[in-house]
$ cat input.cif   # mmCIF, C-alpha atoms
data_entry
loop_
_atom_site.label_atom_id
_atom_site.label_comp_id
_atom_site.auth_asym_id
_atom_site.auth_seq_id
_atom_site.Cartn_x
_atom_site.Cartn_y
_atom_site.Cartn_z
CA MET A 1 22.81 -6.22 -2.27
CA PRO A 2 22.20 -3.68 0.52
CA TYR A 3 20.70 -0.24 0.32
CA HIS A 4 21.93 1.79 3.31
CA ILE A 5 19.87 4.77 4.48
CA HIS A 6 21.69 6.89 7.06
CA PHE A 7 19.66 8.90 9.57
CA GLY A 8 20.76 12.07 11.30
CA GLN A 9 19.21 13.39 14.49
CA ASP A 10 16.74 15.61 12.61
CA ASP A 11 15.67 12.70 10.37
CA LEU A 12 14.37 10.76 13.35
CA LEU A 13 11.88 13.58 13.91
CA ARG A 14 10.79 13.77 10.27
CA CYS A 15 9.71 10.24 9.51
CA ARG A 16 6.03 9.82 8.73
CA PHE A 17 3.48 7.36 7.39
CA ALA A 18 1.33 8.12 4.37
CA VAL A 19 -1.44 6.48 2.35
CA SER A 20 -1.34 7.12 -1.39
CA PRO A 21 -4.10 6.32 -3.91
CA LEU A 22 -1.72 7.32 -6.73
CA TRP A 23 0.86 4.80 -5.53
CA GLU A 24 -1.74 2.03 -5.41
CA THR A 25 -2.91 2.97 -8.91
CA GLN A 26 0.60 2.81 -10.34
CA GLU A 27 1.31 -0.51 -8.61
CA ALA A 28 -2.03 -1.94 -9.75
CA VAL A 29 -1.03 -1.14 -13.34
CA ARG A 30 2.30 -2.87 -12.72
CA THR A 31 0.55 -5.86 -11.14
CA LEU A 32 -1.43 -6.49 -14.33
CA LYS A 33 1.92 -7.25 -16.03
CA ARG A 34 3.33 -9.23 -13.09
CA PRO A 35 1.87 -12.76 -12.99
CA ASP A 36 3.84 -13.45 -9.82
CA ARG A 37 1.56 -10.97 -8.03
CA HIS A 38 -1.73 -12.27 -9.43
CA GLY A 39 -2.22 -14.92 -6.77
CA TYR A 40 -2.67 -12.25 -4.11
CA HIS A 41 -5.56 -10.52 -5.91
CA PRO A 42 -7.74 -13.06 -7.78
CA HIS A 43 -11.04 -11.41 -6.78
CA TRP A 44 -9.82 -8.00 -7.92
CA LEU A 45 -8.48 -9.38 -11.19
CA ARG A 46 -11.84 -10.96 -11.97
CA ARG A 47 -13.69 -7.76 -11.14
CA ILE A 48 -11.55 -5.45 -13.29
CA ARG A 49 -11.11 -7.81 -16.25
CA ALA A 50 -13.55 -5.99 -18.52
CA ALA A 51 -12.53 -2.49 -17.38
CA GLY A 52 -8.86 -3.34 -17.80
CA ARG A 53 -9.36 -4.33 -21.42
CA GLY A 54 -10.56 -0.81 -22.15
CA LEU A 55 -7.39 0.87 -20.85
CA ASP A 56 -4.39 1.89 -22.93
CA LEU A 57 -1.51 1.14 -20.55
CA GLY A 58 1.25 0.53 -23.10
CA ALA A 59 3.19 3.73 -22.36
CA LEU A 60 3.05 3.13 -18.61
CA TRP A 61 4.15 -0.50 -18.95
CA LEU A 62 7.06 0.54 -21.16
CA LEU A 63 8.33 2.64 -18.25
CA MET A 64 7.93 -0.17 -15.68
CA PRO A 65 10.90 -2.50 -16.20
CA ARG A 66 10.88 -5.79 -14.30
CA ARG A 67 14.16 -4.72 -12.72
CA GLY A 68 15.62 -1.26 -12.66
CA HIS A 69 14.45 2.33 -12.50
CA SER A 70 10.83 3.47 -12.77
CA PRO A 71 10.17 7.21 -13.24
CA ASP A 72 9.84 8.92 -9.88
CA PHE A 73 7.59 11.65 -11.26
CA LEU A 74 4.84 9.10 -12.03
CA GLY A 75 4.54 8.06 -8.38
CA PRO A 76 6.16 10.79 -6.30
CA PRO A 77 6.30 10.62 -2.50
CA PRO A 78 2.86 11.46 -1.06
CA ILE A 79 2.34 15.16 -0.36
CA GLY A 80 0.45 14.47 2.86
CA PRO A 81 -0.64 11.64 5.15
CA ALA A 82 -3.75 10.91 3.05
CA ALA A 83 -3.92 13.17 -0.01
CA PRO A 84 -6.81 12.52 -2.43
CA PHE A 85 -6.04 11.18 -5.87
CA ASP A 86 -6.98 14.46 -7.56
CA GLU A 87 -4.24 16.31 -5.67
CA GLU A 88 -1.65 13.63 -6.36
CA ILE A 89 -2.34 13.41 -10.10
CA ALA A 90 -2.17 17.21 -10.31
CA GLY A 91 1.40 16.89 -9.05
CA VAL A 92 2.19 14.45 -11.85
CA ARG A 93 0.76 16.81 -14.46
CA ALA A 94 2.92 19.63 -13.07
CA ALA A 95 6.17 17.66 -13.53
CA ASP A 96 9.00 19.55 -15.23
CA PRO A 97 9.23 18.15 -18.80
CA GLU A 98 13.02 18.10 -18.97
CA ALA A 99 13.38 16.38 -15.61
CA ALA A 100 10.65 13.96 -16.70
CA ARG A 101 12.55 13.23 -19.92
CA ASP A 102 15.67 12.28 -17.97
CA ASP A 103 13.53 10.14 -15.66
CA MET A 104 11.91 8.34 -18.61
CA ALA A 105 15.26 7.84 -20.37
CA ARG A 106 16.63 6.06 -17.27
CA ALA A 107 13.60 3.78 -17.14
CA LEU A 108 13.67 2.99 -20.87
CA ALA A 109 17.37 2.10 -20.64
CA CYS A 110 16.48 -0.73 -18.24
CA THR A 111 14.59 -2.65 -20.95
CA PRO A 112 16.59 -3.60 -24.07
CA GLY A 113 15.17 -1.89 -27.14
CA ALA A 114 12.59 0.20 -25.24
CA ALA A 115 14.21 3.56 -25.99
CA ASP A 116 14.34 2.78 -29.72
CA SER A 117 10.76 1.53 -29.93
CA PRO A 118 8.22 3.84 -31.61
CA LYS A 119 6.55 4.64 -28.30
CA GLY A 120 9.86 5.12 -26.51
CA ARG A 121 11.08 7.56 -29.15
CA ALA A 122 7.76 9.44 -29.02
CA LEU A 123 7.91 9.82 -25.25
CA LEU A 124 11.43 11.22 -25.35
CA ALA A 125 10.78 13.49 -28.34
CA ASP A 126 7.88 15.29 -26.65
CA PRO A 127 8.35 15.08 -22.87
CA ALA A 128 5.71 17.73 -22.13
CA GLY A 129 3.14 15.77 -24.13
CA ALA A 130 4.35 12.54 -22.57
CA VAL A 131 3.75 13.86 -19.06
CA GLN A 132 0.13 14.62 -19.92
CA GLU A 133 -0.37 11.33 -21.79
CA LEU A 134 0.97 9.33 -18.87
CA ALA A 135 -1.08 11.33 -16.35
CA ASP A 136 -4.19 10.67 -18.45
CA ALA A 137 -3.41 6.94 -18.46
CA LEU A 138 -2.93 6.91 -14.68
CA GLU A 139 -6.19 8.80 -14.14
CA ALA A 140 -8.09 6.36 -16.35
CA ALA A 141 -6.49 3.47 -14.45
CA TRP A 142 -7.53 5.01 -11.13
CA HIS A 143 -11.18 5.22 -12.18
CA ALA A 144 -11.26 1.70 -13.65
CA LEU A 145 -8.98 -0.29 -11.36
CA ILE A 146 -8.83 1.33 -7.93
CA GLU A 147 -11.58 3.88 -7.25
CA PRO A 148 -14.44 1.31 -6.93
CA ASP A 149 -12.49 -0.53 -4.22
CA TRP A 150 -10.75 2.46 -2.66
CA PRO A 151 -12.85 2.55 0.58
CA ARG A 152 -11.92 -1.09 1.24
CA LEU A 153 -8.27 -0.52 0.35
CA ARG A 154 -8.01 2.73 2.30
CA ALA A 155 -9.50 1.10 5.41
CA LEU A 156 -6.86 -1.63 5.34
CA LEU A 157 -4.02 0.85 4.70
CA GLU A 158 -5.16 3.20 7.46
CA ALA A 159 -5.49 0.28 9.87
CA ASP A 160 -1.89 -0.66 9.11
CA VAL A 161 -0.75 2.91 9.81
CA ALA A 162 -2.67 2.92 13.09
CA PHE A 163 -1.13 -0.39 14.16
CA HIS A 164 2.41 0.65 13.35
CA SER A 165 1.96 4.10 14.87
CA ARG A 166 1.14 2.36 18.14
CA ARG A 167 4.17 0.12 17.74
CA LEU A 168 6.31 3.21 17.09
CA ALA A 169 5.21 4.60 20.46
CA GLU A 170 5.99 1.25 22.12
CA VAL A 171 9.34 0.28 20.58
CA GLY A 172 10.69 3.41 18.87
CA LEU A 173 11.76 3.83 15.25
CA GLY A 174 14.71 1.44 15.51
CA GLY A 175 12.40 -1.29 16.79
CA LEU A 176 9.59 -0.55 14.37
CA LEU A 177 11.42 -0.54 11.03
CA PRO A 178 12.49 -4.22 11.10
CA GLU A 179 8.90 -5.13 12.03
CA LEU A 180 7.58 -3.65 8.78
CA ASP A 181 9.32 -6.37 6.75
CA PRO A 182 12.12 -8.93 7.34
CA ARG A 183 14.13 -7.28 4.54
CA LEU A 184 14.61 -4.17 6.69
CA SER A 185 17.21 -4.01 9.46
CA TRP A 186 18.34 -1.22 11.77
CA ASP A 187 21.72 -0.64 13.37
CA ALA A 188 23.12 2.50 14.97
CA GLY A 189 21.12 5.00 12.94
CA THR A 190 21.33 3.16 9.62
CA LEU A 191 18.43 1.41 7.92
CA THR A 192 19.54 -1.39 5.59
CA VAL A 193 17.18 -2.65 2.89
CA GLU A 194 17.79 -5.83 0.89
CA TRP A 195 18.16 -4.36 -2.58
CA ARG A 196 19.11 -5.14 -6.17
CA GLU A 197 22.37 -3.21 -6.00
CA GLU A 198 24.50 -1.49 -3.40
CA HIS A 199 23.39 2.06 -2.75
CA VAL A 200 23.89 4.64 0.01
CA ARG A 201 21.59 7.55 0.85
CA HIS A 202 22.05 10.15 3.58
CA LEU A 203 18.69 11.61 4.52
CA ALA A 204 20.27 14.96 5.44
CA GLY A 205 17.28 16.20 7.40
CA GLN A 206 14.57 15.14 4.92
CA GLY A 207 13.34 12.22 6.98
CA LEU A 208 11.71 9.13 5.50
CA ILE A 209 8.16 8.41 4.26
CA LEU A 210 6.73 4.96 4.98
CA ILE A 211 3.88 3.78 2.72
CA PRO A 212 1.92 0.58 3.37
CA SER A 213 0.89 -0.89 0.03
CA VAL A 214 -1.58 -3.49 -1.18
CA PHE A 215 -0.48 -3.82 -4.81
CA SER A 216 3.27 -3.67 -4.13
CA TRP A 217 2.76 -6.84 -2.08
CA PRO A 218 4.98 -8.76 -1.37
CA ASP A 219 7.77 -6.44 -2.52
CA VAL A 220 9.60 -3.76 -0.56
CA ILE A 221 10.17 -0.78 -2.85
CA SER A 222 12.62 1.95 -1.96
CA GLY A 223 14.42 4.77 -3.63
CA PHE A 224 13.49 8.17 -5.00
CA ASP A 225 16.58 10.08 -6.02
CA PRO A 226 17.07 13.74 -5.09
CA PRO A 227 15.21 16.04 -4.97
CA TRP A 228 12.46 13.60 -4.00
CA GLN A 229 12.06 12.71 -0.33
CA PRO A 230 13.28 9.15 0.35
CA THR A 231 10.38 6.71 0.60
CA ILE A 232 9.86 3.04 1.40
CA ALA A 233 6.72 1.16 0.36
CA TYR A 234 6.22 -2.03 2.36
CA PRO A 235 3.63 -4.87 2.27
CA VAL A 236 0.48 -3.97 4.19
CA ARG A 237 -0.77 -6.20 7.02
CA GLY A 238 -4.00 -8.15 6.58
CA ILE A 239 -3.97 -8.71 2.82
CA ALA A 240 -5.07 -12.34 3.23
CA GLY A 241 -8.62 -11.30 4.05
CA LEU A 242 -8.80 -8.18 1.88
CA TRP A 243 -10.77 -9.65 -1.02
CA ALA A 244 -12.65 -12.35 0.89
CA GLU A 245 -16.40 -11.94 1.01
CA PRO A 246 -18.10 -12.20 4.44
CA SER A 247 -19.52 -15.66 3.70
CA GLU A 248 -16.03 -16.93 2.86
CA ARG A 249 -14.40 -15.80 6.10
CA THR A 250 -17.10 -16.54 8.71
CA PRO A 251 -17.14 -20.06 10.23
CA GLU A 252 -20.65 -21.48 10.56
CA ALA A 253 -19.95 -22.61 14.12
CA LEU A 254 -19.18 -18.99 14.99
CA VAL A 255 -22.46 -17.92 13.37
CA ARG A 256 -24.39 -20.39 15.55
CA LEU A 257 -22.64 -19.06 18.64
CA LEU A 258 -22.85 -15.30 18.03
CA GLY A 259 -25.39 -14.80 15.25
CA ARG A 260 -24.63 -13.96 11.63
CA GLY A 261 -23.99 -10.24 12.05
CA ARG A 262 -21.67 -10.37 15.06
CA ALA A 263 -19.83 -13.43 13.75
CA THR A 264 -19.22 -11.71 10.41
CA VAL A 265 -17.90 -8.56 12.07
CA LEU A 266 -15.60 -10.51 14.41
CA ALA A 267 -14.25 -12.71 11.61
CA SER A 268 -13.53 -9.62 9.51
CA LEU A 269 -11.20 -8.12 12.11
CA ASP A 270 -8.08 -9.91 10.89
CA ALA A 271 -6.57 -6.41 10.96
CA PRO A 272 -7.69 -3.33 12.92
CA ALA A 273 -10.60 -1.53 11.26
CA THR A 274 -13.01 1.35 11.79
CA THR A 275 -16.79 1.16 11.93
CA SER A 276 -17.15 2.83 8.53
CA GLY A 277 -14.47 0.63 6.98
CA LEU A 278 -16.16 -2.53 8.19
CA ALA A 279 -19.58 -1.30 7.10
CA HIS A 280 -18.37 -0.67 3.56
CA ARG A 281 -16.49 -3.95 3.33
CA LEU A 282 -19.36 -6.03 4.70
CA GLY A 283 -22.22 -4.17 3.02
CA LEU A 284 -23.90 -3.43 6.36
CA ALA A 285 -25.33 -0.22 7.79
CA PRO A 286 -22.82 1.64 10.01
CA SER A 287 -25.38 1.64 12.84
CA SER A 288 -25.63 -2.16 12.69
CA VAL A 289 -21.85 -2.56 12.66
CA SER A 290 -21.56 -0.16 15.59
CA ALA A 291 -24.06 -2.19 17.61
CA HIS A 292 -22.24 -5.45 16.85
CA LEU A 293 -18.89 -3.91 17.80
CA ALA A 294 -20.28 -2.66 21.09
CA ALA A 295 -21.63 -6.12 21.94
CA LEU A 296 -18.38 -7.87 20.98
CA ARG A 297 -16.31 -5.39 22.98
CA GLY A 298 -18.57 -5.88 25.99
CA ALA A 299 -17.99 -9.63 25.72
CA GLY A 300 -14.21 -9.14 25.75
CA LEU A 301 -13.76 -10.29 22.15
CA LEU A 302 -12.30 -7.04 20.86
CA VAL A 303 -10.85 -3.75 22.04
CA SER A 304 -11.00 -0.24 20.62
CA ARG A 305 -8.24 2.34 20.32
CA ARG A 306 -8.51 5.95 19.19
CA TYR A 307 -6.01 7.42 16.72
CA GLY A 308 -6.73 11.06 15.99
CA HIS A 309 -10.37 11.35 14.92
CA GLN A 310 -10.78 7.63 14.17
CA VAL A 311 -11.50 4.65 16.41
CA PHE A 312 -10.04 1.29 15.35
CA TYR A 313 -11.26 -2.09 16.61
CA GLU A 314 -9.17 -5.25 16.85
CA CYS A 315 -9.63 -8.73 18.24
CA THR A 316 -8.45 -9.72 21.70
CA PRO A 317 -6.68 -13.07 22.14
CA LEU A 318 -10.05 -14.57 23.09
CA GLY A 319 -11.63 -13.19 19.91
CA ILE A 320 -8.77 -14.55 17.81
CA ALA A 321 -9.14 -17.96 19.44
CA LEU A 322 -12.87 -18.04 18.74
CA VAL A 323 -12.42 -17.21 15.06
CA ALA A 324 -9.53 -19.65 14.65
CA GLY A 325 -11.49 -22.39 16.40
CA GLY A 326 -14.62 -21.81 14.35
CA GLY A 327 -16.58 -20.67 17.39
CA VAL A 328 -15.13 -22.97 20.05
CA ALA A 329 -12.42 -21.53 22.28
CA GLN A 330 -10.13 -24.27 23.55
CA GLY A 331 -9.12 -24.14 27.20
CA ARG A 332 -7.08 -26.03 29.76
CA ASP A 333 -8.04 -27.58 33.05
#
$ encode --input "input.cif" --output "structure tokens"
Amino acid sequence: MPYHIHFGQDDLLRCRFAVSPLWETQEAVRTLKRPDRHGYHPHWLRRIRAAGRGLDLGALWLLMPRRGHSPDFLGPPPIGPAAPFDEEIAGVRAADPEAARDDMARALACTPGAADSPKGRALLADPAGAVQELADALEAAWHALIEPDWPRLRALLEADVAFHSRRLAEVGLGGLLPELDPRLSWDAGTLTVEWREEHVRHLAGQGLILIPSVFSWPDVISGFDPPWQPTIAYPVRGIAGLWAEPSERTPEALVRLLGRGRATVLASLDAPATTSGLAHRLGLAPSSVSAHLAALRGAGLLVSRRYGHQVFYECTPLGIALVAGGGVAQGRD
């Protein structure tokens, strides 16, 4: 069923990208209960197994139906392009209890028997206490599940934003939106999302927030009823190499050709990345990564592009061919 989002002239000027640690935390909690998502994150699941056992996520899971409404106040639209988790969770704690109660009641109604369960009744009976309980659970989940890997996750998410910001400049909003995911289509000022039920939303000058997401993958998630700003979370680019360790992604033939350090850096650029992001992911000193990047760029294997205060590096076609060929670029006579 389609979800139609109608843009006015002002909305075209008020669309923005954002990266949200709170969103990733909420979706990581949901992923633990979604076996269909587990195949995308085996390394992460192994790493957090012990920490996850120490979390009490029952109340959050009760409000995360497999299909249907999830409370908007638990994962509100990001307040800025890259707000820290502390600021986002403060917004959750400040939620209006009565509005939160209505939000929770809608979510509980999507799972038969949830509203009449002991925990469901307790949440609805004391919405102010429920808001704080749920915020505490999200904060504990952030520290256990996401914070240790946040530099790696943030680097991938920011690289996605940089890539699509460049595409926005090249093809415009109408050309960009369908590129984010095949389930999005654009026609004459209307964005259509493949959805569970038919729904229509007029942006009315609010614009649209676009969030790349690791743990929503491969789903497209849309919604947020008034007064929340409409938001779409879409699958981030480059997830295939997110959890791979350097030794797993670097062909030995490429190592023999370029040396271990340069080969590892080149093979890790399956998506645009910054020097600091690569250094953290690969466990190398930023100065070493910078030297490798300079050498690879000088050899024509990658290019650099500046976005604001950050410089992102990505492979050229020759660099892609070398990695794909294990260190041997195929040519024609």
$ resolve_selection --input "input.cif" --expression "the PyMOL selection byres ((chain A and resi 179) around 12)" --output "list in words"
Phe163, His164, Ser165, Arg167, Leu168, Val171, Gly172, Leu173, Gly174, Gly175, Leu176, Leu177, Pro178, Leu180, Asp181, Pro182, Arg183, Leu184, Ser185, Trp186, Tyr234, Pro235, Val236 and Arg237 of chain A
$ write_last_selection --input "input.cif" --atoms "C-alpha atoms" --output "mmCIF file, in the frame of the given file"
data_model
loop_
_atom_site.group_PDB
_atom_site.id
_atom_site.type_symbol
_atom_site.label_atom_id
_atom_site.label_comp_id
_atom_site.auth_asym_id
_atom_site.auth_seq_id
_atom_site.Cartn_x
_atom_site.Cartn_y
_atom_site.Cartn_z
ATOM 1 C CA PHE A 163 -1.130 -0.390 14.160
ATOM 2 C CA HIS A 164 2.410 0.650 13.350
ATOM 3 C CA SER A 165 1.960 4.100 14.870
ATOM 4 C CA ARG A 167 4.170 0.120 17.740
ATOM 5 C CA LEU A 168 6.310 3.210 17.090
ATOM 6 C CA VAL A 171 9.340 0.280 20.580
ATOM 7 C CA GLY A 172 10.690 3.410 18.870
ATOM 8 C CA LEU A 173 11.760 3.830 15.250
ATOM 9 C CA GLY A 174 14.710 1.440 15.510
ATOM 10 C CA GLY A 175 12.400 -1.290 16.790
ATOM 11 C CA LEU A 176 9.590 -0.550 14.370
ATOM 12 C CA LEU A 177 11.420 -0.540 11.030
ATOM 13 C CA PRO A 178 12.490 -4.220 11.100
ATOM 14 C CA LEU A 180 7.580 -3.650 8.780
ATOM 15 C CA ASP A 181 9.320 -6.370 6.750
ATOM 16 C CA PRO A 182 12.120 -8.930 7.340
ATOM 17 C CA ARG A 183 14.130 -7.280 4.540
ATOM 18 C CA LEU A 184 14.610 -4.170 6.690
ATOM 19 C CA SER A 185 17.210 -4.010 9.460
ATOM 20 C CA TRP A 186 18.340 -1.220 11.770
ATOM 21 C CA TYR A 234 6.220 -2.030 2.360
ATOM 22 C CA PRO A 235 3.630 -4.870 2.270
ATOM 23 C CA VAL A 236 0.480 -3.970 4.190
ATOM 24 C CA ARG A 237 -0.770 -6.200 7.020
#
$ atom_distance --input "input.cif" --atom1 "CA of Ala295 (chain A)" --atom2 "CA of Ser268 (chain A)"
15.2 Å
$ residues_around --input "input.cif" --residues "region 309-320 of chain A" --least-positions-apart "3" --cutoff "12 Å" --atoms "only C-alpha atoms" --output "number ranges by chain"
A: 155-156, 158-163, 166, 238, 254, 258, 262-263, 265-278, 289-290, 292-294, 296-306, 323-331
$ residues_near_point --input "input.cif" --point "(-6.8, 2.0, -24.1)" --cutoff "12 Å" --atoms "all atoms listed in the file" --output "list in words"
Ala50, Ala51, Gly52, Arg53, Gly54, Leu55, Asp56, Leu57, Gly58, Ala59, Leu60, Glu133, Leu134, Asp136, Ala137, Leu138, Ala140, Ala141 and Ala144 of chain A
$ residues_around --input "input.cif" --residues "Leu208 (chain A)" --least-positions-apart "5" --cutoff "6 Å" --atoms "all atoms listed in the file" --output "list in words"
Cys15, Pro230 and Thr231 of chain A
$ atom_distance --input "input.cif" --atom1 "CA of Trp217 (chain A)" --atom2 "CA of Ala83 (chain A)"
21.2 Å
$ closest_residue --input "input.cif" --among "A:Ile79, A:Asp11, A:Pro212, A:Gly261" --to "Ala285 (chain A)" --atoms "all atoms listed in the file"
A:Gly261
$ closest_residue --input "input.cif" --among "A:Ser70, A:Thr190, A:Thr31, A:Gln206" --to "Arg14 (chain A)" --atoms "all atoms listed in the file"
A:Gln206
$ residues_around --input "input.cif" --residues "region 98-100 of chain A" --least-positions-apart "2" --cutoff "8 Å" --atoms "only C-alpha atoms" --output "mmCIF file with C-alpha atoms, in the frame of the given file"
data_model
loop_
_atom_site.group_PDB
_atom_site.id
_atom_site.type_symbol
_atom_site.label_atom_id
_atom_site.label_comp_id
_atom_site.auth_asym_id
_atom_site.auth_seq_id
_atom_site.Cartn_x
_atom_site.Cartn_y
_atom_site.Cartn_z
ATOM 1 C CA PRO A 71 10.170 7.210 -13.240
ATOM 2 C CA PHE A 73 7.590 11.650 -11.260
ATOM 3 C CA ALA A 95 6.170 17.660 -13.530
ATOM 4 C CA ASP A 96 9.000 19.550 -15.230
ATOM 5 C CA ASP A 102 15.670 12.280 -17.970
ATOM 6 C CA ASP A 103 13.530 10.140 -15.660
ATOM 7 C CA MET A 104 11.910 8.340 -18.610
ATOM 8 C CA PRO A 127 8.350 15.080 -22.870
ATOM 9 C CA ALA A 128 5.710 17.730 -22.130
ATOM 10 C CA VAL A 131 3.750 13.860 -19.060
#
$ residues_near_point --input "input.cif" --point "(10.2, 5.8, -20.5)" --cutoff "7 Å" --atoms "all atoms listed in the file" --output "list in words"
Leu62, Leu63, Met104, Ala105, Ala107, Leu108, Gly120 and Leu123 of chain A
